[in-house]
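Q: What follows is structure_1.csv; its format and atoms are CSV, C-alpha atoms and all ligand atoms.
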chain,number,residue,atom,x,y,z
A,18,LEU,CA,0.0,0.0,0.0
A,19,GLY,CA,3.0,2.2,-0.1
A,20,ASP,CA,3.0,5.5,1.8
A,21,LYS,CA,-0.8,6.1,1.5
A,22,LYS,CA,-2.1,6.6,5.0
A,23,VAL,CA,-5.3,4.7,5.4
A,24,THR,CA,-8.0,4.3,8.0
A,25,VAL,CA,-8.9,0.6,8.4
A,26,VAL,CA,-11.8,-0.5,10.6
A,27,PHE,CA,-12.3,-4.2,11.2
A,28,VAL,CA,-15.9,-5.2,11.4
A,29,LEU,CA,-16.3,-8.5,13.3
A,30,GLY,CA,-19.2,-10.5,14.8
A,31,GLY,CA,-20.7,-14.0,14.4
A,32,PRO,CA,-22.2,-15.3,11.2
A,33,GLY,CA,-25.5,-13.4,10.6
A,34,SER,CA,-24.8,-10.8,13.3
A,35,GLY,CA,-25.3,-8.1,10.7
A,36,LYS,CA,-21.8,-7.1,9.6
A,37,GLY,CA,-22.6,-6.7,5.9
A,38,THR,CA,-25.9,-4.9,6.6
A,39,GLN,CA,-24.3,-2.3,8.8
A,40,CYS,CA,-21.3,-1.9,6.5
A,41,SER,CA,-23.7,-0.8,3.7
A,42,ASN,CA,-25.0,1.8,6.1
A,43,ILE,CA,-21.6,3.0,7.0
A,44,VAL,CA,-20.5,3.3,3.4
A,45,GLU,CA,-23.5,5.4,2.6
A,46,HIS,CA,-23.1,7.8,5.6
A,47,PHE,CA,-19.4,7.9,6.1
A,48,GLY,CA,-17.8,7.4,2.7
A,49,PHE,CA,-15.9,4.2,3.6
A,50,THR,CA,-15.2,1.5,1.1
A,51,HIS,CA,-16.6,-1.9,2.2
A,52,LEU,CA,-14.4,-4.9,1.7
A,53,SER,CA,-16.1,-8.2,2.8
A,54,ALA,CA,-13.5,-10.9,3.0
A,55,GLY,CA,-16.2,-13.5,2.5
A,56,ASP,CA,-17.5,-11.6,-0.6
A,57,LEU,CA,-14.0,-11.4,-2.0
A,58,LEU,CA,-13.5,-15.2,-1.5
A,59,ARG,CA,-16.8,-15.9,-3.1
A,60,ALA,CA,-15.9,-13.7,-6.1
A,61,GLU,CA,-12.6,-15.6,-6.3
A,62,ILE,CA,-14.5,-18.9,-6.6
A,63,LYS,CA,-16.7,-17.5,-9.4
A,64,SER,CA,-13.7,-16.1,-11.3
A,65,GLY,CA,-12.5,-19.7,-11.8
A,66,SER,CA,-9.2,-19.0,-10.1
A,67,GLU,CA,-6.9,-22.0,-9.3
A,68,ASN,CA,-7.7,-21.6,-5.6
A,69,GLY,CA,-11.5,-21.6,-6.3
A,70,THR,CA,-12.1,-25.2,-5.4
A,71,MET,CA,-10.1,-25.1,-2.2
A,72,ILE,CA,-11.9,-21.9,-1.1
A,73,GLU,CA,-15.3,-23.3,-1.9
A,74,ASN,CA,-14.6,-26.5,0.1
A,75,MET,CA,-13.4,-24.4,3.1
A,76,ILE,CA,-16.5,-22.2,3.0
A,77,LYS,CA,-18.8,-25.2,2.7
A,78,GLU,CA,-17.2,-26.6,5.8
A,79,GLY,CA,-17.4,-23.2,7.6
A,80,LYS,CA,-13.6,-23.3,7.9
A,81,ILE,CA,-11.2,-20.4,7.7
A,82,VAL,CA,-9.3,-20.0,4.4
A,83,PRO,CA,-5.4,-19.6,4.8
A,84,SER,CA,-4.5,-16.0,5.5
A,85,GLU,CA,-2.2,-15.6,2.5
A,86,VAL,CA,-5.2,-16.1,0.1
A,87,THR,CA,-7.5,-13.7,1.9
A,88,ILE,CA,-4.8,-11.1,2.6
A,89,LYS,CA,-3.9,-11.1,-1.1
A,90,LEU,CA,-7.5,-10.4,-2.1
A,91,LEU,CA,-7.9,-7.7,0.5
A,92,GLN,CA,-4.6,-6.0,-0.6
A,93,GLN,CA,-5.5,-6.1,-4.3
A,94,ALA,CA,-8.9,-4.6,-3.5
A,95,MET,CA,-7.3,-1.8,-1.4
A,96,ILE,CA,-4.7,-1.0,-4.0
A,97,LYS,CA,-7.3,-0.8,-6.7
A,98,ASN,CA,-9.3,1.7,-4.6
A,99,GLU,CA,-8.6,5.4,-4.4
A,100,ASN,CA,-10.4,5.7,-1.0
A,101,ASP,CA,-8.4,6.1,2.2
A,102,LYS,CA,-11.1,4.7,4.5
A,103,PHE,CA,-11.8,1.0,4.5
A,104,LEU,CA,-14.2,-1.3,6.4
A,105,ILE,CA,-12.8,-4.8,6.4
A,106,ASP,CA,-15.7,-7.1,7.1
A,107,GLY,CA,-15.2,-10.6,8.5
A,108,PHE,CA,-11.5,-10.5,8.8
A,109,PRO,CA,-9.3,-11.3,10.9
A,110,ARG,CA,-11.1,-14.4,12.2
A,111,ASN,CA,-8.3,-16.4,13.8
A,112,GLU,CA,-4.8,-16.0,15.3
A,113,GLU,CA,-3.1,-16.6,11.9
A,114,ASN,CA,-5.2,-13.9,10.3
A,115,ARG,CA,-4.7,-11.5,13.1
A,116,ALA,CA,-0.9,-11.4,13.1
A,117,ALA,CA,-1.1,-9.6,9.7
A,118,PHE,CA,-2.9,-6.4,10.7
A,119,GLU,CA,-3.6,-4.2,13.7
A,120,ASN,CA,-6.4,-1.7,14.2
A,121,VAL,CA,-9.8,-0.6,15.6
A,122,VAL,CA,-12.4,-3.3,15.8
A,123,LEU,CA,-16.2,-3.0,15.6
A,124,PHE,CA,-17.8,-6.0,17.2
A,125,PHE,CA,-21.4,-6.9,16.4
A,126,ASN,CA,-22.5,-8.9,19.4
A,127,CYS,CA,-25.5,-11.2,18.9
A,128,SER,CA,-26.9,-14.4,20.3
A,129,GLU,CA,-26.5,-17.6,18.3
A,130,GLU,CA,-30.3,-18.1,18.4
A,131,GLU,CA,-30.9,-14.7,16.7
A,132,MET,CA,-28.0,-15.2,14.2
A,133,GLU,CA,-29.4,-18.6,13.2
A,134,ARG,CA,-32.8,-17.1,12.6
A,135,ARG,CA,-31.3,-14.4,10.3
A,136,LEU,CA,-29.1,-16.8,8.4
A,137,LEU,CA,-32.0,-19.3,7.8
A,138,GLY,CA,-34.2,-16.4,6.7
A,139,ARG,CA,-31.7,-14.8,4.3
A,140,ASN,CA,-32.5,-16.8,1.2
A,141,GLU,CA,-29.6,-15.7,-1.0
A,142,GLY,CA,-28.7,-19.3,-2.0
A,143,ARG,CA,-25.3,-19.2,-0.1
A,144,VAL,CA,-23.8,-22.7,0.1
A,145,ASP,CA,-23.1,-22.1,3.8
A,146,ASP,CA,-26.6,-21.0,4.8
A,147,ASN,CA,-27.9,-24.4,5.9
A,148,ILE,CA,-28.3,-25.5,9.4
A,149,GLU,CA,-25.5,-28.0,9.3
A,150,THR,CA,-22.9,-25.5,8.1
A,151,ILE,CA,-24.3,-22.7,10.3
A,152,ARG,CA,-23.6,-24.8,13.4
A,153,LYS,CA,-20.0,-25.3,12.1
A,154,ARG,CA,-19.6,-21.6,11.5
A,155,PHE,CA,-20.8,-20.8,15.0
A,156,LYS,CA,-18.3,-23.3,16.4
A,157,VAL,CA,-15.4,-21.8,14.4
A,158,PHE,CA,-16.5,-18.4,15.5
A,159,VAL,CA,-16.4,-19.3,19.2
A,160,GLU,CA,-13.1,-21.2,19.0
A,161,SER,CA,-11.1,-19.1,16.5
A,162,SER,CA,-12.7,-15.7,16.1
A,163,LEU,CA,-13.8,-14.7,19.5
A,164,PRO,CA,-10.2,-15.0,20.8
A,165,VAL,CA,-9.2,-12.5,18.2
A,166,ILE,CA,-11.8,-10.1,19.5
A,167,GLU,CA,-10.7,-10.7,23.1
A,168,TYR,CA,-7.1,-10.0,22.0
A,169,TYR,CA,-8.1,-6.6,20.7
A,170,ASP,CA,-10.4,-6.0,23.7
A,171,ALA,CA,-7.5,-6.4,26.0
A,172,LYS,CA,-5.8,-3.6,24.1
A,173,ASP,CA,-8.9,-1.5,24.4
A,174,LYS,CA,-9.5,-1.5,20.6
A,175,VAL,CA,-12.9,-3.0,20.6
A,176,LYS,CA,-16.2,-1.0,20.2
A,177,LYS,CA,-18.9,-3.5,21.1
A,178,ILE,CA,-22.3,-3.1,19.6
A,179,ASP,CA,-25.5,-4.8,20.6
A,180,ALA,CA,-26.3,-6.4,17.2
A,181,ALA,CA,-29.5,-8.1,18.4
A,182,LYS,CA,-31.6,-4.9,18.0
A,183,PRO,CA,-33.4,-4.0,14.8
A,184,ILE,CA,-31.2,-2.7,11.9
A,185,PRO,CA,-31.9,1.1,12.3
A,186,GLU,CA,-31.3,0.9,16.0
A,187,VAL,CA,-28.0,-0.9,15.5
A,188,PHE,CA,-27.0,1.8,13.0
A,189,GLU,CA,-27.7,4.5,15.5
A,190,ASP,CA,-25.1,3.0,17.8
A,191,VAL,CA,-22.7,2.5,14.8
A,192,LYS,CA,-23.2,6.2,13.9
A,193,ALA,CA,-22.1,7.3,17.3
A,194,ILE,CA,-18.8,5.4,16.8
A,195,PHE,CA,-18.2,6.7,13.3
A,196,ALA,CA,-19.0,10.4,14.1
A,197,PRO,CA,-15.2,11.3,14.1
A,198,TYR,CA,-15.0,10.0,10.5
A,199,ALA,CA,-17.9,12.0,9.2
A,200,LYS,CA,-17.5,13.0,5.5
B,301,LIG,N1,-30.2,-8.7,9.6
B,301,LIG,C1,-29.1,-8.0,9.7
B,301,LIG,N2,-29.1,-7.2,10.8
B,301,LIG,C2,-30.3,-7.4,11.4
B,301,LIG,C3,-31.0,-6.9,12.5
B,301,LIG,N3,-30.4,-6.0,13.3
B,301,LIG,N4,-32.2,-7.4,12.9
B,301,LIG,C4,-32.8,-8.3,12.1
B,301,LIG,N5,-32.3,-8.9,11.0
B,301,LIG,C5,-31.0,-8.4,10.6
B,301,LIG,O1,-27.2,-10.3,8.0
B,301,LIG,C6,-27.7,-11.6,7.9
B,301,LIG,C7,-29.2,-11.6,7.8
B,301,LIG,O2,-29.8,-10.9,8.9
B,301,LIG,C8,-29.6,-10.7,6.6
B,301,LIG,O3,-30.8,-11.3,6.0
B,301,LIG,C9,-30.0,-9.3,7.2
B,301,LIG,O4,-31.0,-8.6,6.4
B,301,LIG,C10,-30.5,-9.7,8.6
B,301,LIG,P1,-25.8,-9.9,7.3
B,301,LIG,O5,-25.6,-8.4,7.4
B,301,LIG,O6,-25.6,-10.6,6.0
B,301,LIG,O7,-24.8,-10.6,8.4
B,301,LIG,P2,-23.3,-10.9,8.4
B,301,LIG,O8,-22.8,-10.7,9.7
B,301,LIG,O9,-22.6,-10.2,7.3
B,301,LIG,O10,-23.4,-12.5,8.1
B,301,LIG,P3,-22.5,-13.4,7.2
B,301,LIG,O11,-23.3,-14.7,7.0
B,301,LIG,O12,-22.0,-12.7,6.0
B,301,LIG,O13,-21.3,-13.7,8.2
B,301,LIG,P4,-20.2,-14.8,8.1
B,301,LIG,O14,-19.1,-14.2,9.0
B,301,LIG,O15,-20.6,-16.2,8.4
B,301,LIG,O16,-19.9,-14.8,6.5
B,301,LIG,P5,-18.6,-14.3,5.7
B,301,LIG,O17,-19.1,-14.0,4.3
B,301,LIG,O18,-17.9,-13.2,6.4
B,301,LIG,O19,-17.7,-15.6,5.6
B,301,LIG,C11,-18.2,-16.8,5.0
B,301,LIG,C12,-17.1,-17.8,5.0
B,301,LIG,O20,-16.0,-17.4,4.3
B,301,LIG,C13,-16.5,-18.2,6.4
B,301,LIG,O21,-17.3,-19.1,7.1
B,301,LIG,C14,-15.2,-18.8,6.0
B,301,LIG,O22,-15.3,-20.1,5.5
B,301,LIG,C15,-14.8,-17.9,4.8
B,301,LIG,N6,-13.9,-16.7,5.2
B,301,LIG,C16,-12.6,-17.0,5.4
B,301,LIG,O23,-12.1,-18.1,5.3
B,301,LIG,N7,-11.7,-16.0,5.8
B,301,LIG,C17,-12.2,-14.7,5.9
B,301,LIG,O24,-11.4,-13.8,6.2
B,301,LIG,C18,-13.6,-14.4,5.7
B,301,LIG,C19,-14.4,-15.4,5.3
B,302,MG,MG,-21.6,-10.8,5.5
What would the structure in this file look like if it were written as structure tokens?
A:
Amino acid sequence: LGDKKVTVVFVLGGPGSGKGTQCSNIVEHFGFTHLSAGDLLRAEIKSGSENGTMIENMIKEGKIVPSEVTIKLLQQAMIKNENDKFLIDGFPRNEENRAAFENVVLFFNCSEEEMERRLLGRNEGRVDDNIETIRKRFKVFVESSLPVIEYYDAKDKVKKIDAAKPIPEVFEDVKAIFAPYAK
């Protein structure tokens, strides 16, 4: 990324906690560019890249793709973009991912019961939105991703948001955090 000084906010939370939904709101109101690691990985599968099959198998199992693959996609997306404000959605999600970056973290906190309801109701045809994979995603989240959030929390970098509320109310809380970055 050279000498460009960029603001990077990590947006973390369990599967279906509303990361993508609130990122769209933040983009609209605060001029950030939204990079969803999951979306970039899904686009990589669609593009027919040599890693596509491996990525698809990992996602189907709810497992975490090796950092080098995800980081390369994130870096390419950041280099291509003129913006200096990025939301990185769904990354880092384990210790291996975490070692690569350091920054502010937005944590969407939501119960598994509510996240499960949202994922089963989403209906976008995602290969991982079935009850079997959802349970695996929750397990990986608790075992691998929550420790990352705890790591940042111990450094006072986590802004925790109650993601169980309705979308507009969650966004009110998000707005308060993003006020310093207003356009
Ligand atoms: N909804 C949202 N907010 C709501 C609210 N407040 N009240 C009621 N409903 C609400 O929301 C999910 C659904 O809930 C939507 O229908 C929405 O309208 C509704 P969404 O905003 O899509 O939630 P999000 O947190 O983005 O859920 P998502 O399923 O995308 O989270 P995951 O973390 O599981 O998915 P992601 O795409 O990030 O990753 C998928 C897989 O990719 C991972 O399991 C992994 O295999 C792989 N991956 C990696 O390996 N490495 C990475 O770095 C990233 C991903
Ligand atoms: Mg998402």
Q: Taking 2 positions as the minimum chain separation for residues in the same chain, which residues sit within 12 Å of Glu149 of chain A when counting all atoms listed in the file? Answer as a list in words.
A: Lys77, Glu78, Gly79, Glu133, Leu136, Leu137, Val144, Asp145, Asp146, Asn147, Ile151, Arg152, Lys153, Arg154, Phe155 and Lys156 of chain A
Q: Quick one: pull the distance between atom CA of Ile76 of chain A and atom O14 of ligand LIG 301 (chain B), Å, one decimal.
A: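 Interatomic distance, atom CA of Ile76 of chain A to atom O14 of ligand LIG 301 (chain B): 10.3 Å.
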Q: Could you check which residues have any atom within 12 Å of (-1.9, -17.7, 15.5), counting all atoms listed in the file with coordinates taken straight from the file, and then list them as a list in words?
A: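 Output: Pro83, Ser84, Pro109, Arg110, Asn111, Glu112, Glu113, Asn114, Arg115, Ala116, Ala117, Ser161, Ser162, Pro164, Val165 and Tyr168 of chain A.
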Q: Once you count all atoms listed in the file, which residues end up within 7 Å of ligand LIG 301 (chain B), and could you hand them over as a PyMOL selection string?
A: chain A and resi 30-39+53-56+58+75-83+87+106-110+135-136+138-139+154+180-184+187
Q: Work out how far atom CA of Tyr169 of chain A is from atom CA of Leu29 of chain A, in Å to one decimal.
A: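 Answer for the atom CA of Leu29 of chain A to atom CA of Tyr169 of chain A separation: 11.2 Å.
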Q: Rounded to one decimal, what separation in Å do you get between atom CA of Phe118 of chain A and atom CA of Glu160 of chain A?
A: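 That distance, rounded to one decimal, is 19.8 Å.
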Q: Under the rule that all atoms listed in the file are counted, which of A:Ile178, A:Leu123, A:Val159, A:Ile62 is the nearest residue to Phe27 of chain A?
A: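 Looking at the shortest contact to Phe27 of chain A, the residue is A:Leu123.
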Q: Using all atoms listed in the file, which protein or nucleic acid residues come within 7 Å of segment 194-199 of chain A? Drop anything in the same chain fewer than 3 positions from it, and give the result as a list of chain:residue names.
A: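 My list of contacting residues is A:Phe47, A:Asp190, A:Val191.
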Q: Just checking: using all atoms listed in the file, which residue out of A:Glu186, A:Asp179, A:Glu129, A:Glu141 ends up closest to ligand MG 302 (chain B)?
A: A:Glu141
Q: Counting only C-alpha atoms, which residue out of A:Cys40, A:Val157, A:Val175, A:Ile166 sits closest to Ile105 of chain A?
A: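 Of A:Cys40, A:Val157, A:Val175, A:Ile166, the one nearest Ile105 of chain A is A:Cys40, counting only C-alpha atoms.
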Q: Taking into account all atoms listed in the file, which residue in the set A:Leu52, A:Ser66, A:Ala60, A:Asn74 is nearest to ligand MG 302 (chain B)?
A: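 Of A:Leu52, A:Ser66, A:Ala60, A:Asn74, the one nearest ligand MG 302 (chain B) is A:Leu52, counting all atoms listed in the file.
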Q: Go through A:Thr150, A:Ser128, A:Asn98, A:Ser41 and flag the residue nearest ligand MG 302 (chain B), using all atoms listed in the file for the distances.
A: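 Going through A:Thr150, A:Ser128, A:Asn98, A:Ser41 one by one, the smallest distance to ligand MG 302 (chain B) is for A:Ser41.
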Q: Would you please work out which residue, of A:Glu189, A:Asp173, A:Glu130, A:Glu67, is nearest to His46 of chain A when using all atoms listed in the file?
A: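 Among the listed residues, A:Glu189 lies closest to His46 of chain A.
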